[in-house]
>>> print(open('target.txt').read())   # compact mmCIF, N, CA and C atoms
# COMPACT_ATOMS: atom_id res chain seq x y z
N MET A 25 77.64 115.86 98.07
CA MET A 25 77.71 115.33 99.41
C MET A 25 76.76 114.14 99.49
N THR A 26 77.25 113.01 99.97
CA THR A 26 76.41 111.85 100.17
C THR A 26 76.47 111.47 101.63
N ALA A 27 75.35 110.99 102.14
CA ALA A 27 75.32 110.56 103.53
C ALA A 27 75.91 109.17 103.64
N ALA A 28 76.64 108.94 104.71
CA ALA A 28 77.18 107.61 104.95
C ALA A 28 76.03 106.68 105.29
N SER A 29 76.08 105.45 104.80
CA SER A 29 74.96 104.55 104.97
C SER A 29 75.16 103.54 106.09
N HIS A 30 76.30 103.55 106.74
CA HIS A 30 76.57 102.58 107.78
C HIS A 30 76.98 103.28 109.06
N ALA A 31 76.58 102.70 110.18
CA ALA A 31 77.04 103.20 111.46
C ALA A 31 78.45 102.69 111.72
N LEU A 32 79.14 103.34 112.63
CA LEU A 32 80.46 102.84 113.00
C LEU A 32 80.28 101.46 113.62
N PRO A 33 81.15 100.53 113.30
CA PRO A 33 81.00 99.17 113.82
C PRO A 33 81.24 99.11 115.33
N VAL A 34 80.68 98.07 115.93
CA VAL A 34 80.90 97.80 117.34
C VAL A 34 82.35 97.32 117.47
N PRO A 35 83.02 97.60 118.59
CA PRO A 35 84.42 97.19 118.71
C PRO A 35 84.58 95.69 118.51
N SER A 36 85.67 95.30 117.90
CA SER A 36 85.96 93.88 117.74
C SER A 36 87.25 93.58 118.45
N ALA A 37 87.48 92.30 118.71
CA ALA A 37 88.70 91.89 119.39
C ALA A 37 89.91 92.10 118.49
N SER A 38 89.69 92.17 117.18
CA SER A 38 90.82 92.20 116.26
C SER A 38 91.34 93.60 115.97
N GLY A 39 90.61 94.63 116.30
CA GLY A 39 91.13 95.95 115.95
C GLY A 39 90.29 97.09 116.47
N ALA A 40 90.68 98.26 116.05
CA ALA A 40 90.05 99.49 116.50
C ALA A 40 88.96 99.93 115.53
N ARG A 41 88.05 100.76 116.04
CA ARG A 41 87.06 101.42 115.18
C ARG A 41 87.73 102.68 114.63
N ILE A 42 87.75 102.80 113.32
CA ILE A 42 88.39 103.95 112.68
C ILE A 42 87.40 104.61 111.74
N LEU A 43 87.26 105.92 111.85
CA LEU A 43 86.48 106.71 110.92
C LEU A 43 87.46 107.41 110.00
N LEU A 44 87.39 107.08 108.70
CA LEU A 44 88.28 107.62 107.67
C LEU A 44 87.49 108.57 106.79
N VAL A 45 87.92 109.83 106.72
CA VAL A 45 87.19 110.86 105.99
C VAL A 45 88.09 111.46 104.91
N ASP A 46 87.66 111.32 103.67
CA ASP A 46 88.39 111.91 102.54
C ASP A 46 87.41 112.08 101.40
N ASP A 47 87.53 113.18 100.66
CA ASP A 47 86.61 113.41 99.54
C ASP A 47 86.99 112.61 98.30
N ASP A 48 88.13 111.97 98.30
CA ASP A 48 88.59 111.18 97.15
C ASP A 48 88.23 109.71 97.37
N PRO A 49 87.36 109.14 96.53
CA PRO A 49 86.94 107.75 96.73
C PRO A 49 88.08 106.75 96.63
N MET A 50 89.09 107.03 95.81
CA MET A 50 90.23 106.11 95.71
C MET A 50 91.03 106.09 97.02
N ILE A 51 91.19 107.24 97.63
CA ILE A 51 91.90 107.31 98.91
C ILE A 51 91.13 106.52 99.96
N ARG A 52 89.81 106.72 100.02
CA ARG A 52 89.01 105.99 101.00
C ARG A 52 89.13 104.48 100.78
N GLU A 53 89.10 104.06 99.54
CA GLU A 53 89.16 102.63 99.24
C GLU A 53 90.53 102.04 99.58
N ILE A 54 91.59 102.67 99.10
CA ILE A 54 92.94 102.13 99.31
C ILE A 54 93.31 102.12 100.79
N TYR A 55 93.15 103.25 101.46
CA TYR A 55 93.53 103.33 102.87
C TYR A 55 92.58 102.49 103.73
N GLY A 56 91.29 102.53 103.41
CA GLY A 56 90.32 101.74 104.17
C GLY A 56 90.62 100.25 104.07
N ASP A 57 90.91 99.78 102.86
CA ASP A 57 91.24 98.36 102.68
C ASP A 57 92.50 97.98 103.44
N ALA A 58 93.52 98.84 103.40
CA ALA A 58 94.77 98.55 104.11
C ALA A 58 94.53 98.45 105.62
N LEU A 59 93.73 99.35 106.15
CA LEU A 59 93.42 99.32 107.59
C LEU A 59 92.58 98.10 107.96
N ARG A 60 91.63 97.73 107.09
CA ARG A 60 90.84 96.52 107.32
C ARG A 60 91.72 95.28 107.29
N ASP A 61 92.69 95.25 106.37
CA ASP A 61 93.61 94.12 106.29
C ASP A 61 94.41 93.95 107.57
N GLU A 62 94.57 95.04 108.32
CA GLU A 62 95.27 94.99 109.61
C GLU A 62 94.33 94.61 110.75
N GLY A 63 93.06 94.37 110.43
CA GLY A 63 92.10 93.93 111.44
C GLY A 63 91.25 95.02 112.04
N HIS A 64 91.34 96.23 111.51
CA HIS A 64 90.54 97.33 112.06
C HIS A 64 89.16 97.37 111.41
N ASP A 65 88.19 97.87 112.16
CA ASP A 65 86.85 98.11 111.64
C ASP A 65 86.82 99.54 111.14
N VAL A 66 86.66 99.72 109.83
CA VAL A 66 86.77 101.03 109.22
C VAL A 66 85.44 101.43 108.57
N VAL A 67 85.02 102.63 108.88
CA VAL A 67 83.87 103.24 108.21
C VAL A 67 84.40 104.50 107.55
N THR A 68 83.93 104.77 106.34
CA THR A 68 84.41 105.93 105.61
C THR A 68 83.28 106.94 105.41
N ALA A 69 83.70 108.18 105.27
CA ALA A 69 82.78 109.27 104.93
C ALA A 69 83.49 110.15 103.92
N ASP A 70 82.69 110.79 103.05
CA ASP A 70 83.27 111.58 101.96
C ASP A 70 83.31 113.07 102.23
N CYS A 71 82.74 113.51 103.35
CA CYS A 71 82.70 114.94 103.64
C CYS A 71 82.49 115.18 105.13
N HIS A 72 82.65 116.42 105.52
CA HIS A 72 82.46 116.82 106.91
C HIS A 72 81.09 116.42 107.43
N ASP A 73 80.03 116.72 106.68
CA ASP A 73 78.67 116.49 107.18
C ASP A 73 78.38 115.01 107.38
N SER A 74 78.83 114.16 106.47
CA SER A 74 78.63 112.71 106.63
C SER A 74 79.37 112.19 107.86
N ALA A 75 80.60 112.67 108.04
CA ALA A 75 81.37 112.25 109.20
C ALA A 75 80.74 112.74 110.50
N ALA A 76 80.27 113.98 110.51
CA ALA A 76 79.63 114.53 111.70
C ALA A 76 78.37 113.74 112.05
N ALA A 77 77.62 113.32 111.03
CA ALA A 77 76.43 112.50 111.28
C ALA A 77 76.81 111.18 111.92
N LEU A 78 77.90 110.57 111.46
CA LEU A 78 78.36 109.33 112.07
C LEU A 78 78.79 109.55 113.52
N LEU A 79 79.45 110.66 113.79
CA LEU A 79 79.85 110.96 115.16
C LEU A 79 78.64 111.15 116.06
N ASP A 80 77.54 111.66 115.51
CA ASP A 80 76.33 111.89 116.29
C ASP A 80 75.54 110.62 116.56
N THR A 81 75.60 109.65 115.63
CA THR A 81 74.69 108.52 115.70
C THR A 81 75.34 107.17 115.98
N SER A 82 76.65 107.12 116.06
CA SER A 82 77.36 105.85 116.21
C SER A 82 78.27 105.89 117.43
N PRO A 83 78.70 104.70 117.87
CA PRO A 83 79.71 104.69 118.94
C PRO A 83 80.95 105.47 118.50
N ALA A 84 81.61 106.07 119.45
CA ALA A 84 82.80 106.88 119.14
C ALA A 84 83.87 106.01 118.50
N PRO A 85 84.53 106.54 117.49
CA PRO A 85 85.65 105.79 116.92
C PRO A 85 86.84 105.83 117.88
N ASP A 86 87.73 104.87 117.72
CA ASP A 86 88.97 104.87 118.48
C ASP A 86 89.99 105.82 117.84
N LEU A 87 89.78 106.12 116.55
CA LEU A 87 90.67 107.01 115.82
C LEU A 87 89.90 107.66 114.68
N LEU A 88 90.12 108.94 114.50
CA LEU A 88 89.57 109.69 113.37
C LEU A 88 90.73 110.05 112.45
N ILE A 89 90.64 109.59 111.19
CA ILE A 89 91.62 109.96 110.17
C ILE A 89 90.88 110.83 109.18
N THR A 90 91.33 112.06 108.99
CA THR A 90 90.64 112.95 108.08
C THR A 90 91.61 113.76 107.23
N ASP A 91 91.23 113.91 105.97
CA ASP A 91 91.92 114.85 105.10
C ASP A 91 91.59 116.25 105.60
N ILE A 92 92.48 117.17 105.40
CA ILE A 92 92.20 118.55 105.79
C ILE A 92 91.28 119.19 104.75
N ASP A 93 91.59 119.01 103.49
CA ASP A 93 90.79 119.59 102.41
C ASP A 93 89.73 118.58 101.97
N LEU A 94 88.49 118.82 102.40
CA LEU A 94 87.38 117.92 102.07
C LEU A 94 86.51 118.48 100.96
N GLY A 95 87.07 119.35 100.13
CA GLY A 95 86.29 119.94 99.05
C GLY A 95 85.55 121.17 99.55
N PRO A 96 84.57 121.64 98.77
CA PRO A 96 83.83 122.84 99.16
C PRO A 96 83.11 122.65 100.49
N GLY A 97 83.07 123.69 101.28
CA GLY A 97 82.39 123.61 102.56
C GLY A 97 83.37 123.47 103.71
N LYS A 98 83.00 122.68 104.69
CA LYS A 98 83.79 122.54 105.90
C LYS A 98 84.97 121.59 105.69
N SER A 99 86.03 121.85 106.45
CA SER A 99 87.27 121.10 106.30
C SER A 99 87.42 120.03 107.37
N GLY A 100 88.49 119.27 107.25
CA GLY A 100 88.84 118.31 108.29
C GLY A 100 89.16 119.00 109.61
N LEU A 101 89.68 120.22 109.54
CA LEU A 101 89.94 120.97 110.76
C LEU A 101 88.64 121.33 111.47
N ASP A 102 87.61 121.67 110.68
CA ASP A 102 86.28 121.92 111.25
C ASP A 102 85.74 120.64 111.90
N LEU A 103 85.99 119.51 111.25
CA LEU A 103 85.51 118.23 111.78
C LEU A 103 86.14 117.93 113.13
N ILE A 104 87.43 118.20 113.27
CA ILE A 104 88.10 117.99 114.56
C ILE A 104 87.44 118.82 115.64
N GLU A 105 87.18 120.08 115.35
CA GLU A 105 86.52 120.95 116.33
C GLU A 105 85.13 120.44 116.68
N ASN A 106 84.37 120.01 115.68
CA ASN A 106 83.05 119.47 115.93
C ASN A 106 83.11 118.17 116.73
N ALA A 107 84.11 117.35 116.46
CA ALA A 107 84.26 116.09 117.20
C ALA A 107 84.54 116.38 118.67
N LYS A 108 85.30 117.42 118.96
CA LYS A 108 85.58 117.79 120.35
C LYS A 108 84.29 118.17 121.09
N ILE A 109 83.38 118.82 120.38
CA ILE A 109 82.11 119.23 120.97
C ILE A 109 81.19 118.03 121.16
N ARG A 110 81.17 117.12 120.18
CA ARG A 110 80.24 116.00 120.18
C ARG A 110 80.67 114.86 121.09
N ARG A 111 81.95 114.66 121.27
CA ARG A 111 82.49 113.47 121.92
C ARG A 111 83.60 113.82 122.90
N ALA A 112 83.93 112.83 123.72
CA ALA A 112 85.16 112.91 124.49
C ALA A 112 86.31 112.95 123.49
N PRO A 113 87.47 113.36 123.91
CA PRO A 113 88.59 113.45 122.96
C PRO A 113 88.81 112.15 122.19
N ILE A 114 88.98 112.31 120.89
CA ILE A 114 89.24 111.18 119.99
C ILE A 114 90.61 111.44 119.37
N PRO A 115 91.49 110.44 119.38
CA PRO A 115 92.76 110.63 118.68
C PRO A 115 92.50 110.92 117.20
N VAL A 116 93.29 111.83 116.64
CA VAL A 116 93.10 112.26 115.26
C VAL A 116 94.42 112.15 114.50
N LEU A 117 94.31 111.71 113.24
CA LEU A 117 95.42 111.76 112.30
C LEU A 117 94.95 112.55 111.10
N LEU A 118 95.64 113.64 110.81
CA LEU A 118 95.35 114.44 109.63
C LEU A 118 96.18 113.92 108.46
N ILE A 119 95.56 113.91 107.28
CA ILE A 119 96.27 113.57 106.05
C ILE A 119 96.02 114.70 105.06
N SER A 120 97.06 115.11 104.35
CA SER A 120 96.88 116.22 103.43
C SER A 120 98.04 116.29 102.46
N GLY A 121 97.71 116.68 101.24
CA GLY A 121 98.74 116.92 100.25
C GLY A 121 99.06 118.38 100.07
N HIS A 122 98.35 119.26 100.81
CA HIS A 122 98.48 120.69 100.56
C HIS A 122 98.77 121.52 101.81
N HIS A 123 98.58 120.98 102.99
CA HIS A 123 98.65 121.76 104.22
C HIS A 123 100.10 121.98 104.64
N THR A 124 100.46 123.22 104.89
CA THR A 124 101.82 123.52 105.32
C THR A 124 101.86 124.24 106.67
N ALA A 125 100.73 124.75 107.14
CA ALA A 125 100.69 125.45 108.42
C ALA A 125 100.77 124.42 109.56
N PRO A 126 101.11 124.88 110.76
CA PRO A 126 101.09 123.95 111.89
C PRO A 126 99.71 123.31 112.04
N ALA A 127 99.69 122.03 112.30
CA ALA A 127 98.43 121.29 112.40
C ALA A 127 98.10 121.02 113.87
N PRO A 128 96.81 120.95 114.20
CA PRO A 128 96.40 120.70 115.59
C PRO A 128 96.46 119.23 115.98
N ALA A 129 96.93 118.38 115.08
CA ALA A 129 97.03 116.94 115.34
C ALA A 129 98.15 116.40 114.46
N PRO A 130 98.61 115.18 114.72
CA PRO A 130 99.64 114.62 113.84
C PRO A 130 99.20 114.69 112.37
N LEU A 131 100.16 115.02 111.51
CA LEU A 131 99.87 115.18 110.08
C LEU A 131 100.75 114.25 109.28
N LEU A 132 100.12 113.47 108.40
CA LEU A 132 100.83 112.60 107.48
C LEU A 132 100.65 113.21 106.09
N PRO A 133 101.73 113.78 105.52
CA PRO A 133 101.59 114.45 104.22
C PRO A 133 101.44 113.44 103.08
N LYS A 134 100.49 113.73 102.19
CA LYS A 134 100.29 112.91 100.99
C LYS A 134 101.29 113.35 99.94
N PRO A 135 101.77 112.47 99.12
CA PRO A 135 101.52 111.03 99.16
C PRO A 135 102.39 110.38 100.23
N PHE A 136 101.90 109.29 100.79
CA PHE A 136 102.69 108.54 101.76
C PHE A 136 102.53 107.06 101.50
N ARG A 137 103.49 106.31 102.01
CA ARG A 137 103.45 104.86 101.85
C ARG A 137 102.44 104.27 102.82
N LEU A 138 101.78 103.18 102.41
CA LEU A 138 100.83 102.53 103.30
C LEU A 138 101.50 102.10 104.60
N ALA A 139 102.76 101.69 104.53
CA ALA A 139 103.49 101.30 105.74
C ALA A 139 103.57 102.47 106.72
N ASP A 140 103.74 103.70 106.21
CA ASP A 140 103.79 104.87 107.08
C ASP A 140 102.43 105.11 107.75
N LEU A 141 101.36 104.93 106.98
CA LEU A 141 100.01 105.07 107.55
C LEU A 141 99.81 104.06 108.67
N LEU A 142 100.13 102.81 108.40
CA LEU A 142 99.88 101.75 109.38
C LEU A 142 100.73 101.94 110.64
N THR A 143 101.96 102.37 110.47
CA THR A 143 102.82 102.63 111.63
C THR A 143 102.27 103.79 112.46
N THR A 144 101.85 104.84 111.80
CA THR A 144 101.31 106.01 112.51
C THR A 144 100.02 105.65 113.23
N VAL A 145 99.14 104.91 112.57
CA VAL A 145 97.88 104.48 113.20
C VAL A 145 98.18 103.64 114.44
N THR A 146 99.09 102.70 114.34
CA THR A 146 99.44 101.86 115.48
C THR A 146 99.97 102.70 116.63
N THR A 147 100.84 103.65 116.33
CA THR A 147 101.40 104.53 117.35
C THR A 147 100.30 105.33 118.04
N LEU A 148 99.39 105.91 117.26
CA LEU A 148 98.31 106.71 117.84
C LEU A 148 97.37 105.86 118.69
N LEU A 149 97.04 104.67 118.20
CA LEU A 149 96.13 103.81 118.96
C LEU A 149 96.77 103.32 120.25
N HIS A 150 98.05 102.99 120.22
CA HIS A 150 98.72 102.55 121.44
C HIS A 150 98.85 103.70 122.42
N GLY A 151 99.12 104.90 121.93
CA GLY A 151 99.18 106.07 122.80
C GLY A 151 97.84 106.36 123.43
N SER A 152 96.77 106.18 122.67
CA SER A 152 95.41 106.38 123.18
C SER A 152 95.07 105.35 124.24
N ALA A 153 95.46 104.10 124.03
CA ALA A 153 95.18 103.03 124.99
C ALA A 153 95.90 103.30 126.31
N ARG A 154 97.16 103.76 126.22
CA ARG A 154 97.91 104.07 127.45
C ARG A 154 97.27 105.24 128.18
N ALA A 155 96.84 106.25 127.44
CA ALA A 155 96.25 107.44 128.06
C ALA A 155 94.94 107.11 128.76
N SER A 156 94.19 106.11 128.24
CA SER A 156 92.91 105.76 128.84
C SER A 156 93.04 104.64 129.85
N GLY A 157 94.28 104.19 130.11
CA GLY A 157 94.49 103.15 131.08
C GLY A 157 94.50 101.75 130.51
N GLY A 158 94.38 101.64 129.16
CA GLY A 158 94.39 100.33 128.52
C GLY A 158 95.80 99.90 128.20
N GLY A 159 95.95 98.79 127.40
CA GLY A 159 97.20 98.15 127.00
C GLY A 159 98.27 99.03 126.72
>>> encode(input="target.txt", output="structure tokens")
Amino acid sequence: MTAASHALPVPSASGARILLVDDDPMIREIYGDALRDEGHDVVTADCHDSAAALLDTSPAPDLLITDIDLGPGKSGLDLIENAKIRRAPIPVLLISGHHTAPAPAPLLPKPFRLADLLTTVTTLLHGSARASGGG
């Protein structure tokens, strides 16, 4: 487990603040880069505890994307529950290659195309903006 070294970025005019949590560094890099290319401010964490620390010390993300299986210890499902306690509701996208039970949030099964990720993120962010009275 490593602690994340950066706080969530301040909102920018070009995109949303996204917290991406996955124990696989390649997943964090590929998906994080794709989201940044779309203009989003992305911070990554490799485990539940690093992500929870970011939720405690940084501005709330506009979207939380988390793998369900984060390795030994707490899962992405635990992170969602902790985020509900720490913050006002945050839109969540679950990603997983192994989860088959009903999920408490939208689930994008791995492997998926980057286009599917970007479309789903856009849909969730627009739904969140409408729910909060924004665009």
>>> atom_distance(input="target.txt", atom1="atom N of Ala125 of chain A", atom2="atom C of Leu101 of chain A")
13.3 Å
>>> residues_around(input="target.txt", residues="segment 63-72 of chain A", least_positions_apart="3", cutoff="6 Å", atoms="only N, CA and C atoms", output="list of chain:residue names")
A:Ala28, A:Leu32, A:Ser38, A:Gly39, A:Ala40, A:Arg41, A:Ile42, A:Leu43, A:Leu44, A:Val45, A:Asp46, A:Asp47, A:Leu59, A:Arg60, A:Ala75, A:Ala76, A:Ala77, A:Leu94, A:Lys98, A:Ser99, A:Leu103
>>> atom_distance(input="target.txt", atom1="atom CA of Leu78 of chain A", atom2="atom C of Thr144 of chain A")
22.0 Å
>>> residues_around(input="target.txt", residues="segment 109-114 of chain A", least_positions_apart="2", cutoff="6 Å", atoms="all atoms listed in the file", output="VMD selection string")
chain A and resid 86 to 88 105 to 107 116
>>> residues_around(input="target.txt", residues="Ile119 of chain A", least_positions_apart="6", cutoff="7 Å", atoms="only C-alpha atoms", output="list in words")
Thr90, Asp91, Ile92, Leu131, Leu132, Pro133 and Lys134 of chain A
>>> write_last_selection(input="target.txt", atoms="N, CA and C atoms", output="tab-separated table (two decimals), keeping the file's coordinate frame")
chain	number	residue	atom	x	y	z
A	90	THR	N	91.33	112.06	108.99
A	90	THR	CA	90.64	112.95	108.08
A	90	THR	C	91.61	113.76	107.23
A	91	ASP	N	91.23	113.91	105.97
A	91	ASP	CA	91.92	114.85	105.10
A	91	ASP	C	91.59	116.25	105.60
A	92	ILE	N	92.48	117.17	105.40
A	92	ILE	CA	92.20	118.55	105.79
A	92	ILE	C	91.28	119.19	104.75
A	131	LEU	N	100.16	115.02	111.51
A	131	LEU	CA	99.87	115.18	110.08
A	131	LEU	C	100.75	114.25	109.28
A	132	LEU	N	100.12	113.47	108.40
A	132	LEU	CA	100.83	112.60	107.48
A	132	LEU	C	100.65	113.21	106.09
A	133	PRO	N	101.73	113.78	105.52
A	133	PRO	CA	101.59	114.45	104.22
A	133	PRO	C	101.44	113.44	103.08
A	134	LYS	N	100.49	113.73	102.19
A	134	LYS	CA	100.29	112.91	100.99
A	134	LYS	C	101.29	113.35	99.94
>>> closest_residue(input="target.txt", among="A:Leu79, A:Ile51, A:Leu142, A:Leu148", to="Pro130 of chain A", atoms="only C-alpha atoms")
A:Leu148
